[in-house]
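As provided, data21.tsv (TSV, C-alpha atoms) reads as follows.
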chain	number	residue	atom	x	y	z
A	1	MET	CA	-18.77	-22.05	-13.97
A	2	LYS	CA	-21.01	-19.56	-12.18
A	3	ARG	CA	-19.64	-17.49	-9.30
A	4	TYR	CA	-21.24	-14.74	-7.25
A	5	LEU	CA	-20.03	-11.55	-5.63
A	6	VAL	CA	-22.18	-11.01	-2.54
A	7	LEU	CA	-21.95	-7.82	-0.47
A	8	GLU	CA	-22.71	-7.58	3.23
A	9	ASP	CA	-25.78	-5.46	2.50
A	10	GLY	CA	-27.27	-8.39	0.57
A	11	THR	CA	-26.51	-7.14	-2.96
A	12	VAL	CA	-25.65	-10.02	-5.30
A	13	TYR	CA	-23.71	-9.78	-8.59
A	14	PRO	CA	-23.57	-12.97	-10.71
A	15	GLY	CA	-20.57	-13.65	-12.92
A	16	THR	CA	-18.15	-16.26	-14.20
A	17	ALA	CA	-15.56	-18.02	-12.05
A	18	ILE	CA	-11.88	-17.40	-12.79
A	19	GLY	CA	-8.77	-18.45	-10.91
A	20	ALA	CA	-8.77	-20.86	-7.99
A	21	ASN	CA	-11.88	-22.84	-7.09
A	22	GLN	CA	-12.18	-21.41	-3.59
A	23	GLU	CA	-14.60	-19.22	-1.65
A	24	ARG	CA	-13.34	-16.16	0.20
A	25	ILE	CA	-14.61	-13.31	2.35
A	26	GLY	CA	-12.86	-9.96	2.76
A	27	GLU	CA	-13.29	-6.21	2.50
A	28	LEU	CA	-14.15	-5.26	-1.09
A	29	VAL	CA	-11.94	-2.45	-2.39
A	30	PHE	CA	-11.65	-0.86	-5.82
A	31	ASN	CA	-8.59	0.23	-7.78
A	32	THR	CA	-9.08	2.94	-10.41
A	33	GLY	CA	-5.81	2.40	-12.29
A	34	MET	CA	-5.86	1.70	-16.02
A	35	SER	CA	-2.87	-0.64	-15.83
A	36	GLY	CA	-0.50	-2.12	-13.27
A	37	TYR	CA	-2.64	-5.07	-12.23
A	38	GLN	CA	0.41	-7.25	-11.54
A	39	GLU	CA	1.96	-4.68	-9.19
A	40	SER	CA	-1.36	-4.20	-7.42
A	41	LEU	CA	-2.00	-7.92	-6.96
A	42	THR	CA	1.43	-8.39	-5.37
A	43	ASP	CA	1.23	-5.27	-3.18
A	44	GLN	CA	1.00	-6.49	0.42
A	45	SER	CA	-1.14	-3.48	1.32
A	46	TYR	CA	-4.05	-5.47	-0.18
A	47	ASN	CA	-3.61	-8.27	2.37
A	48	GLY	CA	-6.96	-9.96	3.01
A	49	GLU	CA	-8.91	-7.68	0.67
A	50	ILE	CA	-11.00	-8.56	-2.39
A	51	LEU	CA	-9.44	-6.38	-5.09
A	52	MET	CA	-11.74	-5.03	-7.81
A	53	PHE	CA	-10.39	-3.29	-10.92
A	54	THR	CA	-12.56	-0.55	-12.44
A	55	TYR	CA	-10.68	-0.65	-15.76
A	56	PRO	CA	-12.80	-2.97	-17.94
A	57	LEU	CA	-10.08	-5.19	-19.47
A	58	ILE	CA	-7.52	-6.95	-17.29
A	59	GLY	CA	-4.76	-9.37	-18.28
A	60	ASN	CA	-3.89	-8.16	-21.77
A	61	HIS	CA	-0.12	-8.27	-21.22
A	62	GLY	CA	-0.03	-11.25	-18.86
A	63	ILE	CA	2.39	-11.53	-15.94
A	64	ASN	CA	6.15	-10.95	-16.17
A	65	ARG	CA	9.00	-11.63	-13.75
A	66	ASP	CA	10.09	-7.99	-13.29
A	67	ASP	CA	6.99	-6.28	-11.88
A	68	TRP	CA	6.37	-8.28	-8.70
A	69	GLU	CA	6.05	-6.09	-5.60
A	70	SER	CA	6.35	-9.00	-3.17
A	71	ILE	CA	7.08	-12.71	-3.36
A	72	ARG	CA	3.38	-13.65	-3.53
A	73	SER	CA	-0.09	-12.13	-3.49
A	74	SER	CA	-1.97	-11.83	-0.20
A	75	CYS	CA	-5.30	-10.64	-1.65
A	76	ALA	CA	-8.43	-12.55	-0.72
A	77	GLY	CA	-9.80	-12.47	-4.26
A	78	VAL	CA	-10.12	-10.55	-7.52
A	79	VAL	CA	-13.08	-8.96	-9.34
A	80	VAL	CA	-12.85	-7.88	-13.00
A	81	HIS	CA	-15.21	-6.96	-15.79
A	82	GLU	CA	-13.39	-8.90	-18.50
A	83	VAL	CA	-10.25	-11.02	-18.74
A	84	ALA	CA	-8.31	-10.58	-21.97
A	85	ARG	CA	-8.90	-13.59	-24.24
A	86	ARG	CA	-5.38	-13.40	-25.62
A	87	ALA	CA	-2.44	-11.98	-23.65
A	88	SER	CA	0.68	-10.86	-25.45
A	89	HIS	CA	3.90	-9.18	-24.35
A	90	TRP	CA	7.55	-9.96	-24.97
A	91	GLN	CA	8.22	-10.19	-21.22
A	92	MET	CA	5.18	-12.35	-20.40
A	93	LYS	CA	5.83	-15.56	-18.44
A	94	MET	CA	2.23	-16.56	-17.67
A	95	THR	CA	-1.32	-15.38	-18.24
A	96	PHE	CA	-3.44	-13.52	-15.71
A	97	GLU	CA	-5.57	-16.62	-15.03
A	98	GLU	CA	-2.50	-18.83	-14.66
A	99	PHE	CA	-1.24	-16.35	-12.08
A	100	LEU	CA	-4.52	-16.53	-10.13
A	101	ILE	CA	-4.35	-20.33	-10.07
A	102	GLN	CA	-0.69	-20.34	-9.06
A	103	GLN	CA	-1.40	-17.91	-6.22
A	104	GLU	CA	-4.56	-19.80	-5.17
A	105	LEU	CA	-6.64	-16.68	-5.73
A	106	PRO	CA	-10.35	-17.00	-6.56
A	107	GLY	CA	-11.79	-14.44	-8.95
A	108	ILE	CA	-14.91	-13.44	-10.81
A	109	SER	CA	-15.39	-11.86	-14.24
A	110	GLY	CA	-18.42	-10.54	-16.08
A	111	ILE	CA	-19.11	-7.98	-13.34
A	112	ASP	CA	-20.00	-4.34	-14.00
A	113	THR	CA	-17.16	-3.19	-11.77
A	114	ARG	CA	-17.93	0.49	-12.22
A	115	ALA	CA	-21.51	-0.03	-11.03
A	116	VAL	CA	-20.21	-1.88	-7.97
A	117	THR	CA	-17.75	0.97	-7.38
A	118	ARG	CA	-20.55	3.51	-7.44
A	119	HIS	CA	-22.42	1.36	-4.92
A	120	ILE	CA	-19.43	1.35	-2.56
A	121	ARG	CA	-18.81	5.08	-3.00
A	122	LYS	CA	-22.43	5.74	-2.03
A	123	HIS	CA	-22.75	3.33	0.89
A	124	GLY	CA	-19.14	3.09	2.08
A	125	ALA	CA	-16.63	0.28	2.43
A	126	MET	CA	-18.13	-3.13	3.08
A	127	LYS	CA	-17.23	-6.77	3.31
A	128	ALA	CA	-18.06	-9.19	0.49
A	129	ALA	CA	-17.76	-12.83	-0.47
A	130	LEU	CA	-16.81	-14.71	-3.63
A	131	VAL	CA	-18.92	-17.87	-3.63
A	132	ASN	CA	-20.06	-20.55	-6.06
A	133	GLU	CA	-23.53	-20.70	-4.53
A	134	VAL	CA	-25.71	-18.13	-2.76
A	135	ARG	CA	-26.91	-20.09	0.25
A	136	ASP	CA	-29.07	-19.29	3.25
A	137	GLY	CA	-27.26	-17.42	5.99
A	138	LEU	CA	-24.47	-16.20	3.68
A	139	VAL	CA	-25.13	-12.49	4.24
A	140	GLU	CA	-25.07	-12.99	8.02
A	141	GLN	CA	-21.80	-14.92	7.64
A	142	ILE	CA	-20.29	-12.02	5.71
A	143	GLN	CA	-21.49	-9.48	8.25
A	144	GLN	CA	-20.01	-11.48	11.12
A	145	PHE	CA	-16.70	-12.13	9.37
A	146	LYS	CA	-13.69	-10.66	11.15
A	147	SER	CA	-10.62	-10.04	9.07
A	148	ASN	CA	-7.11	-10.61	10.40
A	149	ALA	CA	-6.50	-7.88	12.97
A	150	HIS	CA	-2.75	-8.01	12.40
A	151	PRO	CA	-2.10	-8.46	8.65
A	152	ILE	CA	1.33	-6.85	8.97
A	153	GLU	CA	2.51	-10.00	10.76
A	154	GLN	CA	1.67	-11.95	7.59
A	155	SER	CA	3.08	-9.38	5.17
A	156	ALA	CA	6.34	-8.27	6.79
A	157	THR	CA	9.60	-10.19	6.81
A	158	PRO	CA	10.09	-12.31	9.95
A	159	ARG	CA	13.86	-11.81	9.91
A	160	PRO	CA	16.37	-9.18	8.76
A	161	TYR	CA	17.96	-9.30	5.32
A	162	PRO	CA	20.29	-6.99	3.37
A	163	ASN	CA	19.97	-5.31	0.00
A	164	PRO	CA	23.64	-4.38	-0.18
A	165	ALA	CA	25.42	-1.55	-1.96
A	166	THR	CA	28.26	0.82	-1.07
A	167	GLY	CA	26.52	4.15	-0.44
A	168	ARG	CA	24.40	5.59	2.35
A	169	LYS	CA	23.30	3.09	4.99
A	170	VAL	CA	19.50	2.91	5.21
A	171	VAL	CA	17.42	0.74	7.50
A	172	VAL	CA	13.99	-0.11	6.07
A	173	VAL	CA	11.42	-1.17	8.65
A	174	ASP	CA	9.13	-3.60	6.83
A	175	PHE	CA	5.38	-3.30	7.45
A	176	GLY	CA	4.52	-4.93	4.10
A	177	LEU	CA	7.28	-3.58	1.91
A	178	LYS	CA	6.96	-3.04	-1.84
A	179	TYR	CA	10.02	-4.09	-3.83
A	180	SER	CA	9.83	-0.82	-5.75
A	181	ILE	CA	10.96	1.02	-2.61
A	182	LEU	CA	14.09	-1.12	-2.56
A	183	ARG	CA	14.56	-0.45	-6.26
A	184	GLU	CA	14.49	3.32	-5.70
A	185	LEU	CA	17.00	3.04	-2.86
A	186	ALA	CA	19.18	0.81	-5.05
A	187	ARG	CA	19.13	3.46	-7.80
A	188	ARG	CA	20.66	5.80	-5.21
A	189	ASN	CA	23.29	3.19	-4.27
A	190	CYS	CA	21.93	2.84	-0.74
A	191	ASN	CA	23.27	0.03	1.43
A	192	VAL	CA	20.00	-1.29	2.85
A	193	MET	CA	19.14	-3.52	5.78
A	194	VAL	CA	15.49	-4.58	5.96
A	195	LEU	CA	14.21	-5.23	9.50
A	196	PRO	CA	10.98	-6.81	10.76
A	197	TYR	CA	8.17	-4.43	11.71
A	198	ASP	CA	8.61	-5.09	15.45
A	199	ALA	CA	12.31	-4.23	15.59
A	200	ASP	CA	12.98	-1.96	18.56
A	201	ALA	CA	14.97	1.27	18.48
A	202	GLN	CA	18.08	-0.41	19.87
A	203	THR	CA	18.05	-2.94	17.03
A	204	VAL	CA	17.45	-0.26	14.40
A	205	LEU	CA	20.23	2.01	15.69
A	206	ALA	CA	22.64	-0.92	16.16
A	207	ASN	CA	22.81	-1.09	12.35
A	208	ASN	CA	24.36	2.40	12.44
A	209	PRO	CA	21.97	3.77	9.79
A	210	ASP	CA	22.34	7.11	8.05
A	211	GLY	CA	18.55	7.12	7.70
A	212	VAL	CA	15.47	5.02	8.42
A	213	LEU	CA	12.57	4.39	6.04
A	214	LEU	CA	9.18	3.23	7.36
A	215	SER	CA	7.51	1.21	4.62
A	216	ASN	CA	3.95	0.77	3.42
A	217	GLY	CA	1.78	-2.05	4.74
A	218	PRO	CA	-1.77	-3.33	5.25
A	219	GLY	CA	-4.40	-2.88	7.91
A	220	ASP	CA	-5.38	-0.43	10.63
A	221	PRO	CA	-2.48	1.65	12.03
A	222	GLU	CA	-4.18	1.63	15.44
A	223	ALA	CA	-3.71	-2.15	15.59
A	224	VAL	CA	0.08	-1.85	15.34
A	225	PRO	CA	1.79	-2.45	18.73
A	226	ASP	CA	2.79	0.59	20.77
A	227	GLY	CA	6.39	-0.62	20.69
A	228	VAL	CA	6.57	0.42	17.04
A	229	LEU	CA	5.52	3.96	17.95
A	230	GLN	CA	8.13	4.10	20.69
A	231	MET	CA	10.77	2.96	18.20
A	232	ILE	CA	9.82	5.79	15.84
A	233	ARG	CA	9.88	8.39	18.64
A	234	THR	CA	13.40	7.30	19.61
A	235	VAL	CA	14.85	6.90	16.13
A	236	GLU	CA	13.58	10.22	14.72
A	237	LYS	CA	15.71	12.04	17.32
A	238	GLN	CA	18.85	10.28	16.07
A	239	VAL	CA	18.67	9.97	12.26
A	240	PRO	CA	16.50	11.21	9.36
A	241	VAL	CA	13.21	9.30	8.95
A	242	PHE	CA	11.03	8.90	5.85
A	243	GLY	CA	7.58	7.27	6.13
A	244	ILE	CA	5.50	5.96	3.23
A	245	CYS	CA	1.78	5.03	3.45
A	246	MET	CA	1.50	2.88	6.61
A	247	GLY	CA	4.84	4.38	7.62
A	248	HIS	CA	3.26	7.82	7.25
A	249	GLN	CA	0.32	6.89	9.47
A	250	LEU	CA	2.58	5.37	12.14
A	251	PHE	CA	4.88	8.41	12.02
A	252	ALA	CA	1.82	10.58	12.65
A	253	ARG	CA	0.58	8.42	15.53
A	254	ALA	CA	4.04	8.26	17.10
A	255	ASN	CA	4.00	12.06	17.26
A	256	GLY	CA	0.55	12.42	18.78
A	257	ALA	CA	-1.80	12.58	15.76
A	258	ARG	CA	-4.73	10.23	15.23
A	259	THR	CA	-5.79	8.12	12.27
A	260	MET	CA	-9.27	7.29	10.95
A	261	LYS	CA	-10.92	4.95	8.47
A	262	LEU	CA	-11.97	6.54	5.18
A	263	LYS	CA	-15.41	5.97	3.69
A	264	PHE	CA	-14.00	3.94	0.79
A	265	GLY	CA	-10.25	4.58	0.68
A	266	HIS	CA	-7.87	5.72	-2.05
A	267	ARG	CA	-6.60	3.04	-4.41
A	268	GLY	CA	-5.21	3.76	-7.85
A	269	PHE	CA	-2.68	6.13	-9.37
A	270	ASN	CA	-4.64	9.13	-10.54
A	271	HIS	CA	-4.95	10.90	-7.19
A	272	PRO	CA	-3.99	14.60	-7.37
A	273	VAL	CA	-1.95	15.83	-4.41
A	274	ARG	CA	-0.98	19.45	-3.72
A	275	ASN	CA	2.35	20.46	-2.17
A	276	LEU	CA	1.22	23.20	0.20
A	277	ALA	CA	4.59	24.98	0.17
A	278	THR	CA	4.95	25.25	-3.62
A	279	GLY	CA	1.39	24.82	-4.87
A	280	ARG	CA	2.62	22.15	-7.26
A	281	ILE	CA	0.17	19.32	-7.99
A	282	ASN	CA	1.39	15.77	-8.53
A	283	LEU	CA	-0.59	12.77	-9.70
A	284	THR	CA	0.16	10.01	-7.24
A	285	SER	CA	-0.15	6.28	-6.68
A	286	GLN	CA	-2.17	5.42	-3.57
A	287	ASN	CA	-3.41	2.34	-1.73
A	288	HIS	CA	-4.89	2.91	1.73
A	289	GLY	CA	-8.16	2.69	3.62
A	290	TYR	CA	-7.05	4.84	6.57
A	291	ALA	CA	-5.78	8.41	6.81
A	292	VAL	CA	-4.37	10.86	9.34
A	293	ASP	CA	-7.05	12.88	11.13
A	294	ARG	CA	-6.37	16.44	10.00
A	295	ALA	CA	-7.80	18.06	13.14
A	296	SER	CA	-5.46	16.05	15.37
A	297	VAL	CA	-2.28	17.41	13.76
A	298	ALA	CA	-2.64	20.90	15.25
A	299	ALA	CA	-1.67	19.77	18.75
A	300	THR	CA	1.54	18.05	17.56
A	301	ASP	CA	5.00	19.08	16.38
A	302	LEU	CA	4.02	18.07	12.85
A	303	THR	CA	3.24	20.31	9.88
A	304	ILE	CA	1.00	19.24	7.01
A	305	THR	CA	2.98	19.44	3.76
A	306	HIS	CA	0.64	17.77	1.22
A	307	GLU	CA	-3.09	17.35	0.82
A	308	GLU	CA	-5.40	15.37	-1.48
A	309	ILE	CA	-7.26	17.75	-3.78
A	310	ASN	CA	-10.46	15.69	-3.94
A	311	ASP	CA	-11.16	15.31	-0.23
A	312	GLU	CA	-8.41	17.43	1.40
A	313	SER	CA	-7.11	14.46	3.38
A	314	VAL	CA	-3.60	14.67	4.84
A	315	GLU	CA	-1.05	13.40	2.32
A	316	GLY	CA	2.22	14.58	3.82
A	317	LEU	CA	3.76	15.56	7.16
A	318	ARG	CA	7.04	17.08	8.34
A	319	HIS	CA	8.42	17.19	11.87
A	320	GLU	CA	9.16	20.72	13.06
A	321	LYS	CA	12.13	19.70	15.27
A	322	TYR	CA	13.68	16.63	13.65
A	323	PRO	CA	14.72	15.72	10.07
A	324	ALA	CA	11.71	13.48	9.59
A	325	PHE	CA	8.84	13.51	7.09
A	326	SER	CA	6.25	11.22	5.56
A	327	VAL	CA	3.77	10.91	2.70
A	328	GLN	CA	0.54	8.94	2.37
A	329	PHE	CA	1.05	8.18	-1.32
A	330	HIS	CA	3.66	5.95	-3.02
A	331	PRO	CA	6.52	7.99	-4.53
A	332	ASP	CA	8.06	4.73	-5.80
A	333	ALA	CA	5.17	4.71	-8.30
A	334	ALA	CA	4.81	1.04	-9.13
A	335	PRO	CA	2.38	1.25	-10.70
A	336	GLY	CA	1.73	4.90	-11.34
A	337	PRO	CA	3.20	8.24	-12.41
A	338	HIS	CA	6.69	9.23	-11.25
A	339	ASP	CA	5.77	12.82	-10.33
A	340	ALA	CA	6.82	12.41	-6.69
A	341	VAL	CA	9.88	10.17	-7.03
A	342	GLY	CA	12.04	13.14	-6.01
A	343	LEU	CA	10.99	12.56	-2.41
A	344	PHE	CA	13.62	9.81	-2.26
A	345	ASP	CA	16.19	12.45	-3.23
A	346	GLN	CA	14.82	14.70	-0.48
A	347	PHE	CA	15.46	11.84	1.95
A	348	MET	CA	19.02	11.53	0.62
A	349	ARG	CA	19.60	15.27	1.15
A	350	LEU	CA	18.43	15.04	4.76
A	351	ILE	CA	20.86	12.17	5.29
A	352	ASP	CA	23.76	14.11	3.75
A	353	GLN	CA	22.96	17.24	5.76
A	354	ARG	CA	22.97	15.29	9.00
A	355	LYS	CA	26.26	13.59	8.10
A	356	LYS	CA	27.87	16.99	7.52
A	357	ILE	CA	26.62	18.23	10.87
A	358	MET	CA	27.97	15.14	12.62
A	359	GLU	CA	31.34	15.57	10.90
A	360	VAL	CA	31.61	19.14	12.19
A	361	ARG	CA	30.87	17.94	15.71
Starting from the file, give its structure as structure tokens.
Amino acid sequence: MKRYLVLEDGTVYPGTAIGANQERIGELVFNTGMSGYQESLTDQSYNGEILMFTYPLIGNHGINRDDWESIRSSCAGVVVHEVARRASHWQMKMTFEEFLIQQELPGISGIDTRAVTRHIRKHGAMKAALVNEVRDGLVEQIQQFKSNAHPIEQSATPRPYPNPATGRKVVVVDFGLKYSILRELARRNCNVMVLPYDADAQTVLANNPDGVLLSNGPGDPEAVPDGVLQMIRTVEKQVPVFGICMGHQLFARANGARTMKLKFGHRGFNHPVRNLATGRINLTSQNHGYAVDRASVAATDLTITHEEINDESVEGLRHEKYPAFSVQFHPDAAPGPHDAVGLFDQFMRLIDQRKKIMEVR
């Protein structure tokens, strides 16, 4: 069956329908990774977005039960060049197309995804539609479409839940949490309590945490309620804080910096990031359409610790007074290289240092 990818500037790309028989509108974003499609499709940071893969063949190893990053996909749709005709892997439980149908995700194949990517890189991020028919008024409908202003409400847990162990007590504030973050904390034997994104400082501190992690999540950080920023400002004075992706942007805003929308975002896991203190360069996994405004950091108590080599965007921050830091990329690396996984160990060291200080007192 025919399906069309229609951009808000009127560009039309014909292809073949895959997945659910539905029509969707959302912001079209591209992922440059060569693998990891299952992790990307279940990453809540893609909430409401039409996800396009630049790698030409998708679905060759199917879908397994171990690489989910959330309980279900929240993407609006999927764009690929080619779906593998035969999927094979010893862990496979279903094919890529079976997954799309199960998750009620419409998709399109037969698209020159790299050509579409070049179009977006030239003209900037734009909305698009996956439709079975190009009808009159469709472009105007796409242009007037308003995405969910608060996707975190859809992506985050509505109630607390534990991920128990016997080590350090860590509260994770869920803005659209990836399971791989919990896996990294579990590898360090952390006793975790996951709280909803709107938990106030009193609720967070009532769990008597040794540290607080601010998770990744979808959407515009400026749309997040001010109560979240107040929570961060209170908690960072009491216990070590580690922010990832959306958590990084909210950490920055809580401390007086601003955020901005990028021309086309960073999505994939081949983004080189420089540690400004050591000069070391890590390849990182990223998924965000917003970034911290570099010029706004100067007037805060934050120091820039990492930067993206390609566009020099802010990739890491550290508080000058409190044991708190954040990174824009995903050190949990699912999918992606594990170059930066040591940042979880850095968080553990901050926790242990604070505990020693409190013991002396």
To one decimal place, how far is CA of Thr117 in chain A from CA of Ile309 in chain A in Å? 20.1 Å
Using Å and a single decimal, report how far CA of Met126 in chain A sits from CA of Asn60 in chain A. 29.1 Å
Shell of 8 Å around His330 in chain A, only C-alpha atoms, local chain residues under 3 positions omitted, as number ranges by chain: A: 244-245, 284-286, 327, 333-334
Given all atoms listed in the file as the basis, pick out the residue of A:Gly33, A:Pro331, A:Gly19, A:Pro221 nearest to His150 in chain A.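 Using all atoms listed in the file, the shortest distance to His150 in chain A belongs to A:Pro221.
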Please identify all polymer residues lying at most 8 Å from the point (-1.0, -4.9, -15.5) (file coordinates), using all atoms listed in the file, and present the result as a PDB file with C-alpha atoms, keeping the file's coordinate frame.
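Written file, result11.pdb:
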ATOM      1  CA  SER A  35      -2.870  -0.640 -15.830  1.00  0.00           C
ATOM      2  CA  GLY A  36      -0.500  -2.120 -13.270  1.00  0.00           C
ATOM      3  CA  TYR A  37      -2.640  -5.070 -12.230  1.00  0.00           C
ATOM      4  CA  GLN A  38       0.410  -7.250 -11.540  1.00  0.00           C
ATOM      5  CA  GLU A  39       1.960  -4.680  -9.190  1.00  0.00           C
ATOM      6  CA  ILE A  58      -7.520  -6.950 -17.290  1.00  0.00           C
ATOM      7  CA  GLY A  59      -4.760  -9.370 -18.280  1.00  0.00           C
ATOM      8  CA  ASN A  60      -3.890  -8.160 -21.770  1.00  0.00           C
ATOM      9  CA  HIS A  61      -0.120  -8.270 -21.220  1.00  0.00           C
ATOM     10  CA  GLY A  62      -0.030 -11.250 -18.860  1.00  0.00           C
ATOM     11  CA  ILE A  63       2.390 -11.530 -15.940  1.00  0.00           C
TER      12      ILE A  63
END
Using only C-alpha atoms, the shortest atom-to-atom distance to Gly26 in chain A among A:Thr259, A:Asn163, A:Gln144, A:Gln249 belongs to A:Gln144
Considering all atoms listed in the file, can you say which of A:Lys146, A:Pro151, A:Ala20, A:Met246 comes closest to Phe99 in chain A?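 Of A:Lys146, A:Pro151, A:Ala20, A:Met246, the one nearest Phe99 in chain A is A:Ala20, counting all atoms listed in the file.
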So how many Å separate CA of Leu317 in chain A and CA of Val239 in chain A, to one decimal?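 Separating CA of Leu317 in chain A from CA of Val239 in chain A is a distance of 16.7 Å.
Ranking A:Lys93, A:Arg318, A:His248, A:Arg188 by their shortest atom-to-atom distance to Thr166 in chain A, with only C-alpha atoms included, puts A:Arg188 first.
If only C-alpha atoms are the atoms counted, then among A:Gly167, A:Gly219, A:Gly110, A:Pro272 the closest residue to Ala291 in chain A is A:Gly219.
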Find the residues around His81 in chain A up to 6 Å (only C-alpha atoms counted), leave out those fewer than 4 positions away in its own chain, and share them as a list in words.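 Neighbouring residues, sequence-local ones excluded: Pro56, Ser109, Gly110, Ile111, Asp112 and Thr113 of chain A.
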